[in-house]
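upload-v1.pdb follows; it contains PDB, C-alpha atoms.
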```pdb
ATOM      1  CA  MET R 209      18.940  24.294 -29.176
ATOM      2  CA  THR R 210      22.351  23.246 -30.448
ATOM      3  CA  ILE R 211      25.231  25.553 -31.391
ATOM      4  CA  THR R 212      24.179  25.531 -35.048
ATOM      5  CA  GLY R 213      20.739  26.818 -34.098
ATOM      6  CA  HIS R 214      18.919  23.668 -35.217
ATOM      7  CA  THR R 215      16.696  21.680 -32.918
ATOM      8  CA  PRO R 216      18.072  18.149 -32.369
ATOM      9  CA  ALA R 217      16.178  15.369 -34.179
ATOM     10  CA  CYS R 218      15.503  13.373 -31.010
ATOM     11  CA  ARG R 219      14.355  15.166 -27.896
ATOM     12  CA  THR R 220      13.689  13.871 -24.429
ATOM     13  CA  ASP R 221      10.041  14.063 -23.437
ATOM     14  CA  LEU R 222      10.117  15.580 -19.963
ATOM     15  CA  ASP R 223       6.346  15.442 -19.545
ATOM     16  CA  LYS R 224       5.282  12.546 -17.378
ATOM     17  CA  HIS R 225       2.452  10.941 -19.343
ATOM     18  CA  PRO R 226       0.762   7.951 -17.683
ATOM     19  CA  ALA R 227       1.651   4.617 -19.237
ATOM     20  CA  ARG R 228       1.236   0.935 -18.359
ATOM     21  CA  TYR R 229       4.162  -0.631 -16.528
ATOM     22  CA  LEU R 230       4.857  -4.295 -15.874
ATOM     23  CA  VAL R 231       6.253  -4.840 -12.391
ATOM     24  CA  ILE R 232       7.761  -8.070 -11.052
ATOM     25  CA  VAL R 233       7.534  -8.327  -7.252
ATOM     26  CA  ASP R 234       8.768 -10.731  -4.596
ATOM     27  CA  ASP R 235       6.585 -10.931  -1.468
ATOM     28  CA  ARG R 236       8.337 -14.062  -0.209
ATOM     29  CA  ASP R 237      10.566 -12.465   2.425
ATOM     30  CA  ALA R 238       8.642  -9.355   3.390
ATOM     31  CA  HIS R 239      10.188  -9.834   6.852
ATOM     32  CA  THR R 240      13.787 -10.965   6.901
ATOM     33  CA  SER R 241      13.922 -12.440  10.407
ATOM     34  CA  TRP R 242      11.772 -13.413  13.373
ATOM     35  CA  ALA R 243      13.142 -10.412  15.310
ATOM     36  CA  GLU R 244      11.854  -8.062  12.643
ATOM     37  CA  ARG R 245       8.421  -9.721  12.735
ATOM     38  CA  SER R 246       8.102  -9.028  16.444
ATOM     39  CA  ARG R 247       9.059  -5.342  16.224
ATOM     40  CA  GLU R 248       5.975  -3.143  16.311
ATOM     41  CA  ASP R 249       7.485  -0.488  14.062
ATOM     42  CA  ARG R 250       8.784  -2.959  11.429
ATOM     43  CA  LEU R 251       6.339  -3.160   8.566
ATOM     44  CA  PRO R 252       6.595  -5.948   5.983
ATOM     45  CA  GLN R 253       7.724  -4.614   2.626
ATOM     46  CA  ARG R 254       7.294  -5.877  -0.905
ATOM     47  CA  ARG R 255      10.511  -6.178  -2.899
ATOM     48  CA  VAL R 256      10.253  -4.834  -6.435
ATOM     49  CA  VAL R 257      12.529  -6.945  -8.627
ATOM     50  CA  TYR R 258      11.978  -5.466 -12.084
ATOM     51  CA  VAL R 259       9.970  -2.713 -13.828
ATOM     52  CA  GLU R 260       9.390  -2.367 -17.568
ATOM     53  CA  ARG R 261       7.183  -0.029 -19.585
ATOM     54  CA  GLN R 262       4.536  -1.974 -21.491
ATOM     55  CA  VAL R 263       4.719  -1.593 -25.254
ATOM     56  CA  ASP R 264       1.694   0.048 -26.900
ATOM     57  CA  HIS R 265       1.361  -2.392 -29.820
ATOM     58  CA  PRO R 266      -1.060  -5.184 -28.735
ATOM     59  CA  VAL R 267       0.843  -8.093 -30.308
ATOM     60  CA  VAL R 268       4.223  -6.989 -28.971
ATOM     61  CA  SER R 269       2.613  -6.197 -25.618
ATOM     62  CA  GLN R 270       1.275  -9.759 -25.353
ATOM     63  CA  LEU R 271       4.717 -11.183 -26.220
ATOM     64  CA  GLN R 272       6.278  -8.918 -23.602
ATOM     65  CA  TRP R 273       3.749 -10.090 -20.993
ATOM     66  CA  ASP R 274       4.288 -13.769 -21.891
ATOM     67  CA  GLU R 275       8.063 -13.440 -21.601
ATOM     68  CA  LEU R 276       7.941 -11.773 -18.176
ATOM     69  CA  GLU R 277       5.285 -14.184 -16.922
ATOM     70  CA  GLY R 278       7.505 -17.082 -18.034
ATOM     71  CA  ASP R 279      10.421 -15.554 -16.128
ATOM     72  CA  CYS R 280       8.249 -15.462 -13.002
ATOM     73  CA  ARG R 281       7.303 -19.136 -13.410
ATOM     74  CA  ASP R 282      10.934 -20.118 -14.042
ATOM     75  CA  ALA R 283      11.931 -18.429 -10.780
ATOM     76  CA  GLY R 284      10.023 -21.040  -8.808
ATOM     77  CA  GLY R 285       6.647 -19.365  -8.577
ATOM     78  CA  TYR R 286       7.502 -16.887  -5.840
ATOM     79  CA  LEU R 287       7.604 -13.880  -8.182
ATOM     80  CA  SER R 288       4.430 -12.139  -9.346
ATOM     81  CA  LEU R 289       3.831 -10.017 -12.437
ATOM     82  CA  LEU R 290       1.606  -6.978 -11.877
ATOM     83  CA  THR R 291       0.533  -4.021 -14.028
ATOM     84  CA  TYR R 292       0.166  -0.391 -12.999
ATOM     85  CA  THR R 293      -0.670   2.839 -14.761
ATOM     86  CA  ALA R 294       2.055   5.229 -13.664
ATOM     87  CA  ALA R 295       4.051   8.273 -14.720
ATOM     88  CA  SER R 296       7.479   6.600 -14.458
ATOM     89  CA  TYR R 297       9.352   3.447 -13.513
ATOM     90  CA  ALA R 298       9.835   4.722  -9.954
ATOM     91  CA  HIS R 299       6.160   5.636  -9.672
ATOM     92  CA  ALA R 300       5.126   2.126 -10.778
ATOM     93  CA  ALA R 301       7.462   0.558  -8.194
ATOM     94  CA  SER R 302       6.089   2.887  -5.529
ATOM     95  CA  LEU R 303       2.506   1.911  -6.392
ATOM     96  CA  ALA R 304       3.398  -1.783  -6.069
ATOM     97  CA  ARG R 305       4.951  -1.240  -2.632
ATOM     98  CA  ARG R 306       2.052   0.927  -1.468
ATOM     99  CA  GLU R 307      -0.558  -1.607  -2.602
ATOM    100  CA  PHE R 308       1.158  -4.300  -0.517
ATOM    101  CA  ALA R 309       1.424  -2.056   2.564
ATOM    102  CA  VAL R 310      -2.232  -1.015   2.350
ATOM    103  CA  ALA R 311      -3.433  -4.609   1.919
ATOM    104  CA  GLY R 312      -1.445  -5.676   4.992
ATOM    105  CA  ALA R 313      -2.757  -2.797   7.116
ATOM    106  CA  VAL R 314      -6.358  -3.498   6.084
ATOM    107  CA  ALA R 315      -5.972  -7.194   6.913
ATOM    108  CA  ARG R 316      -4.459  -6.434  10.345
ATOM    109  CA  MET R 317      -7.190  -3.894  11.165
ATOM    110  CA  GLY R 318      -9.875  -6.438  10.202
ATOM    111  CA  GLU R 319      -8.222  -9.109  12.353
ATOM    112  CA  VAL R 320      -8.131  -6.760  15.360
ATOM    113  CA  ILE R 321     -11.818  -5.893  15.015
ATOM    114  CA  ASP R 322     -12.826  -9.525  14.394
ATOM    115  CA  SER R 323     -10.830 -10.778  17.391
ATOM    116  CA  HIS R 324     -12.744  -8.428  19.701
ATOM    117  CA  LEU R 325     -16.114  -9.243  18.151
ATOM    118  CA  GLU R 326     -15.432 -12.985  18.345
ATOM    119  CA  TYR R 327     -15.579 -12.785  22.130
ATOM    120  CA  GLY R 328     -18.494 -10.331  22.197
ATOM    121  CA  GLY R 329     -16.283  -7.382  23.090
ATOM    122  CA  ARG R 330     -17.605  -3.848  23.042
ATOM    123  CA  GLY R 331     -15.590  -0.732  23.569
ATOM    124  CA  TRP R 332     -13.086   1.568  21.936
ATOM    125  CA  VAL R 333     -10.034   0.357  20.079
ATOM    126  CA  ALA R 334      -6.840   2.171  19.071
ATOM    127  CA  ILE R 335      -5.564   1.242  15.594
ATOM    128  CA  ARG R 336      -2.157   2.348  14.318
ATOM    129  CA  ILE R 337      -2.675   4.246  11.055
ATOM    130  CA  ALA R 338       0.619   3.072   9.533
ATOM    131  CA  ASP R 339       0.083  -0.682   9.806
ATOM    132  CA  GLY R 340      -3.493  -1.336  11.003
ATOM    133  CA  GLY R 341      -2.233  -3.030  14.168
ATOM    134  CA  SER R 342      -3.391  -2.497  17.730
ATOM    135  CA  ASP R 343      -2.292  -2.967  21.318
ATOM    136  CA  GLY R 344      -5.026  -5.616  21.614
ATOM    137  CA  GLU R 345      -7.002  -3.810  24.298
ATOM    138  CA  LEU R 346     -10.578  -2.550  24.413
ATOM    139  CA  TYR R 347     -11.185   0.701  26.273
ATOM    140  CA  ASP R 348     -14.241   2.272  27.881
ATOM    141  CA  ASP R 349     -14.036   5.440  25.800
ATOM    142  CA  CYS R 350     -11.946   7.300  23.249
ATOM    143  CA  ASP R 351     -10.039   9.293  25.888
ATOM    144  CA  ALA R 352      -8.929   6.120  27.688
ATOM    145  CA  ALA R 353      -7.786   4.552  24.404
ATOM    146  CA  ARG R 354      -5.855   7.692  23.463
ATOM    147  CA  ALA R 355      -4.241   8.003  26.916
ATOM    148  CA  ALA R 356      -2.944   4.414  26.754
ATOM    149  CA  GLN R 357      -0.948   4.969  23.542
ATOM    150  CA  ALA R 358       2.732   5.926  23.462
ATOM    151  CA  HIS R 359       2.114   7.938  20.251
ATOM    152  CA  PRO R 360      -1.592   8.865  20.269
ATOM    153  CA  GLU R 361      -1.265  11.007  17.137
ATOM    154  CA  ARG R 362      -0.305   7.910  15.119
ATOM    155  CA  CYS R 363      -3.544   6.090  15.917
ATOM    156  CA  THR R 364      -7.202   6.230  15.020
ATOM    157  CA  TYR R 365      -9.892   5.526  17.601
ATOM    158  CA  PHE R 366     -13.394   4.151  17.143
ATOM    159  CA  PRO R 367     -15.934   1.953  18.928
ATOM    160  CA  VAL R 368     -16.156  -1.774  18.210
ATOM    161  CA  SER R 369     -19.594  -3.342  18.386
ATOM    162  CA  PRO R 370     -21.390  -6.315  16.826
ATOM    163  CA  LEU R 371     -24.039  -3.789  15.738
ATOM    164  CA  PHE R 372     -21.553  -2.132  13.386
ATOM    165  CA  PRO R 373     -19.435  -4.679  11.455
ATOM    166  CA  TRP R 374     -16.466  -3.430   9.404
ATOM    167  CA  THR R 375     -15.834  -4.647   5.874
ATOM    168  CA  PRO R 376     -12.330  -4.706   4.337
ATOM    169  CA  ARG R 377     -13.360  -1.813   2.076
ATOM    170  CA  MET R 378     -14.459   0.239   5.091
ATOM    171  CA  CYS R 379     -11.128  -0.484   6.816
ATOM    172  CA  GLU R 380      -9.199   0.587   3.702
ATOM    173  CA  GLU R 381     -11.156   3.823   3.309
ATOM    174  CA  HIS R 382     -10.836   4.649   6.999
ATOM    175  CA  LEU R 383      -7.069   4.071   7.089
ATOM    176  CA  GLU R 384      -6.559   6.056   3.882
ATOM    177  CA  PHE R 385      -8.664   8.953   5.201
ATOM    178  CA  MET R 386      -6.829   8.960   8.547
ATOM    179  CA  ASN R 387      -3.457   8.805   6.768
ATOM    180  CA  HIS R 388      -4.378  11.928   4.781
ATOM    181  CA  MET R 389      -5.612  13.643   7.957
ATOM    182  CA  GLN R 390      -2.387  12.733   9.781
ATOM    183  CA  HIS R 391      -0.247  14.271   7.037
ATOM    184  CA  GLY R 392      -2.412  17.382   6.747
ATOM    185  CA  CYS R 393      -3.289  16.867   3.110
ATOM    186  CA  MET R 394      -7.063  17.212   3.362
ATOM    187  CA  VAL R 395      -8.922  20.182   1.897
ATOM    188  CA  HIS R 396     -12.670  20.319   2.582
ATOM    189  CA  GLY R 397     -12.734  16.570   3.255
ATOM    190  CA  THR R 398     -10.904  15.679   0.034
ATOM    191  CA  PRO R 399      -7.295  14.392  -0.060
ATOM    192  CA  THR R 400      -4.904  16.645  -1.960
ATOM    193  CA  CYS R 401      -2.050  14.131  -2.167
ATOM    194  CA  ARG R 402      -1.824  10.732  -3.835
TER
END
```
Could you render the structure as structure tokens?
Amino acid sequence: MTITGHTPACRTDLDKHPARYLVIVDDRDAHTSWAERSREDRLPQRRVVYVERQVDHPVVSQLQWDELEGDCRDAGGYLSLLTYTAASYAHAASLARREFAVAGAVARMGEVIDSHLEYGGRGWVAIRIADGGSDGELYDDCDAARAAQAHPERCTYFPVSPLFPWTPRMCEEHLEFMNHMQHGCMVHGTPTCR
């Protein structure tokens, strides 16, 4: 309320209503140097270049999309235009970064499992929850796999066998579940955080 007692004509909407956001990302240099690629704790990161709320009107929305898509093409083809439903600009950028991190972790976990199965390996594997990577070893049991890790609480352990193949979707669900378990945000088997 202003001094005169009248409500101002324009008010800021503090409620965070979901909206569509257009996000331009650059995945070209997720790692900046060879040294960073070789560090176990260095995860590749997506760079968010630009975020814009998508207009509700369909005609204007299409013009907005075309303009941003043209900007991506003009940049040499290394930028991508993505859409997210989010509560804010920062939330949309966060979703874009998270999607990239999850996709990388799922791919690494699948590669680890496939590399062991390719040579007929059977045993227990330790997978880092944060990035889906592994130490590359197969162990006789879960206890041996856990004991071999510098930070056993940051890993998930399971048997690898040709009798139980893992799909990318299974890897994604497992890593997401273990991430929630690691952070203590599970209630009755359901994640409470997003």
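Going from atom CA of R:Asp234 to atom CA of R:Asp274 covers 18.1 Å.
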Around all of stretch 302-310 of chain R's listed atoms, make the axis-aligned box with 5 Å on each side and tell me centre and edge lengths in Å to one decimal, as lines of an AutoDock Vina configuration file.
```
center_x = 1.9
center_y = -0.7
center_z = -1.9
size_x = 18.3
size_y = 17.2
size_z = 19.0
```
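You will find atom CA of R:Met389 at 18.4 Å from atom CA of R:Gln357.
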Query raised in the report: Mind pulling up the distance from atom CA of R:Glu345 to atom CA of R:Arg362?
Result: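 Going from atom CA of R:Arg362 over to atom CA of R:Glu345, I get 16.3 Å.
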**Report entry** Test item: the PyMOL selection byres ((chain R and resi 305) around 8) resolved as a list in words
**Finding:**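 Output of the PyMOL selection byres ((chain R and resi 305) around 8): Gln253, Arg254, Arg255, Val256, Ala301, Ser302, Leu303, Ala304, Arg306, Glu307, Phe308 and Ala309 of chain R.
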Query raised in the report: Hey, which of R:Arg261, R:Tyr365, R:Ser342, R:Arg236 ends up closest to R:Tyr292? Count all atoms listed in the file.
Result: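 Distance minimum relative to R:Tyr292 lands on R:Arg261.
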Query raised in the report: Pick the closest to R:Gly340 from R:Glu380, R:Asp279, R:Glu326, R:Glu361: which is it, counting all atoms listed in the file?
Result: R:Glu380
Query raised in the report: Which polymer residues have any atom within 12 Å of an atom of R:Phe372, counting all atoms listed in the file, with same-chain residues fewer than 3 positions away left out, as a PyMOL selection string?
Result: chain R and resi 321-322+325+330-331+366-369+375+378
**Report entry** Selected residue, from R:Val333, R:Leu371, R:Val268, R:Val233, that lies nearest to R:Gly285 when counting only C-alpha atoms
**Finding:**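 So, comparing all the options, the nearest one is R:Val233.
Among the candidates R:Ala227, R:Ala295, R:Ala315, R:Leu346, the residue lying nearest to R:Tyr327 is R:Leu346 (atoms considered: only C-alpha atoms).
Closest approach to R:His391 among R:Trp332, R:Glu260, R:Glu319, R:Ala338 is made by R:Ala338 (distances from all atoms listed in the file).
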Requested in this report: Using only C-alpha atoms, pick whichever of R:Ala294, R:Cys350, R:Trp374, R:Gly344 has the shortest atom-to-atom distance to R:His225.
Outcome: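 Among R:Ala294, R:Cys350, R:Trp374, R:Gly344, it is R:Ala294 that comes nearest to R:His225.
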Where atoms are missing, can you supply N, CA, C and O atoms for stretch 351-375 of chain R and output the lot as a CSV table (one decimal), keeping the file's coordinate frame?
```csv
chain,number,residue,atom,x,y,z
R,351,ASP,N,-11.1,8.7,25.1
R,351,ASP,CA,-10.0,9.3,25.9
R,351,ASP,C,-9.1,8.3,26.6
R,351,ASP,O,-7.9,8.4,26.6
R,352,ALA,N,-9.7,7.2,27.1
R,352,ALA,CA,-8.9,6.1,27.7
R,352,ALA,C,-8.0,5.4,26.7
R,352,ALA,O,-6.9,5.1,26.9
R,353,ALA,N,-8.6,5.2,25.5
R,353,ALA,CA,-7.8,4.6,24.4
R,353,ALA,C,-6.6,5.4,24.0
R,353,ALA,O,-5.5,5.0,23.8
R,354,ARG,N,-6.9,6.7,23.8
R,354,ARG,CA,-5.9,7.7,23.5
R,354,ARG,C,-4.8,7.8,24.5
R,354,ARG,O,-3.6,7.8,24.2
R,355,ALA,N,-5.2,7.8,25.8
R,355,ALA,CA,-4.2,8.0,26.9
R,355,ALA,C,-3.3,6.8,27.1
R,355,ALA,O,-2.2,6.9,27.5
R,356,ALA,N,-3.7,5.6,26.6
R,356,ALA,CA,-2.9,4.4,26.8
R,356,ALA,C,-1.9,4.3,25.7
R,356,ALA,O,-1.0,3.4,25.8
R,357,GLN,N,-1.9,5.1,24.7
R,357,GLN,CA,-0.9,5.0,23.5
R,357,GLN,C,0.3,5.8,23.7
R,357,GLN,O,0.3,6.9,24.2
R,358,ALA,N,1.5,5.2,23.4
R,358,ALA,CA,2.7,5.9,23.5
R,358,ALA,C,2.8,7.1,22.5
R,358,ALA,O,3.4,8.1,22.7
R,359,HIS,N,2.2,6.9,21.3
R,359,HIS,CA,2.1,7.9,20.3
R,359,HIS,C,0.7,8.1,19.8
R,359,HIS,O,0.3,7.6,18.8
R,360,PRO,N,-0.2,8.8,20.6
R,360,PRO,CA,-1.6,8.9,20.3
R,360,PRO,C,-1.9,9.5,18.9
R,360,PRO,O,-2.9,9.2,18.3
R,361,GLU,N,-1.0,10.4,18.4
R,361,GLU,CA,-1.3,11.0,17.1
R,361,GLU,C,-1.1,10.0,16.0
R,361,GLU,O,-1.6,10.3,14.9
R,362,ARG,N,-0.5,8.9,16.2
R,362,ARG,CA,-0.3,7.9,15.1
R,362,ARG,C,-1.4,6.9,15.0
R,362,ARG,O,-1.3,5.9,14.3
R,363,CYS,N,-2.5,7.1,15.8
R,363,CYS,CA,-3.5,6.1,15.9
R,363,CYS,C,-4.9,6.7,15.5
R,363,CYS,O,-5.1,7.9,15.6
R,364,THR,N,-5.8,5.8,15.2
R,364,THR,CA,-7.2,6.2,15.0
R,364,THR,C,-8.0,5.5,16.1
R,364,THR,O,-7.7,4.4,16.5
R,365,TYR,N,-9.1,6.1,16.5
R,365,TYR,CA,-9.9,5.5,17.6
R,365,TYR,C,-11.4,5.4,17.2
R,365,TYR,O,-11.9,6.4,16.6
R,366,PHE,N,-12.0,4.3,17.5
R,366,PHE,CA,-13.4,4.2,17.1
R,366,PHE,C,-14.0,3.0,18.0
R,366,PHE,O,-13.2,2.1,18.5
R,367,PRO,N,-15.3,3.0,18.1
R,367,PRO,CA,-15.9,2.0,18.9
R,367,PRO,C,-16.1,0.7,18.1
R,367,PRO,O,-16.3,0.7,16.9
R,368,VAL,N,-16.0,-0.5,18.8
R,368,VAL,CA,-16.2,-1.8,18.2
R,368,VAL,C,-17.4,-2.3,18.8
R,368,VAL,O,-17.6,-2.4,20.0
R,369,SER,N,-18.3,-2.8,17.9
R,369,SER,CA,-19.6,-3.3,18.4
R,369,SER,C,-20.1,-4.3,17.3
R,369,SER,O,-19.9,-4.1,16.1
R,370,PRO,N,-20.8,-5.4,17.8
R,370,PRO,CA,-21.4,-6.3,16.8
R,370,PRO,C,-22.5,-5.6,16.0
R,370,PRO,O,-22.9,-6.1,14.9
R,371,LEU,N,-23.0,-4.5,16.5
R,371,LEU,CA,-24.0,-3.8,15.7
R,371,LEU,C,-23.5,-3.0,14.5
R,371,LEU,O,-24.3,-2.6,13.7
R,372,PHE,N,-22.2,-2.9,14.5
R,372,PHE,CA,-21.6,-2.1,13.4
R,372,PHE,C,-20.3,-2.9,12.9
R,372,PHE,O,-19.2,-2.6,13.2
R,373,PRO,N,-20.6,-3.9,12.0
R,373,PRO,CA,-19.4,-4.7,11.5
R,373,PRO,C,-18.6,-3.9,10.4
R,373,PRO,O,-19.2,-3.0,9.7
R,374,TRP,N,-17.4,-4.1,10.4
R,374,TRP,CA,-16.5,-3.4,9.4
R,374,TRP,C,-16.1,-4.4,8.3
R,374,TRP,O,-15.8,-5.5,8.5
R,375,THR,N,-16.2,-3.9,7.0
R,375,THR,CA,-15.8,-4.6,5.9
R,375,THR,C,-14.4,-4.3,5.5
R,375,THR,O,-13.9,-3.2,6.0
```
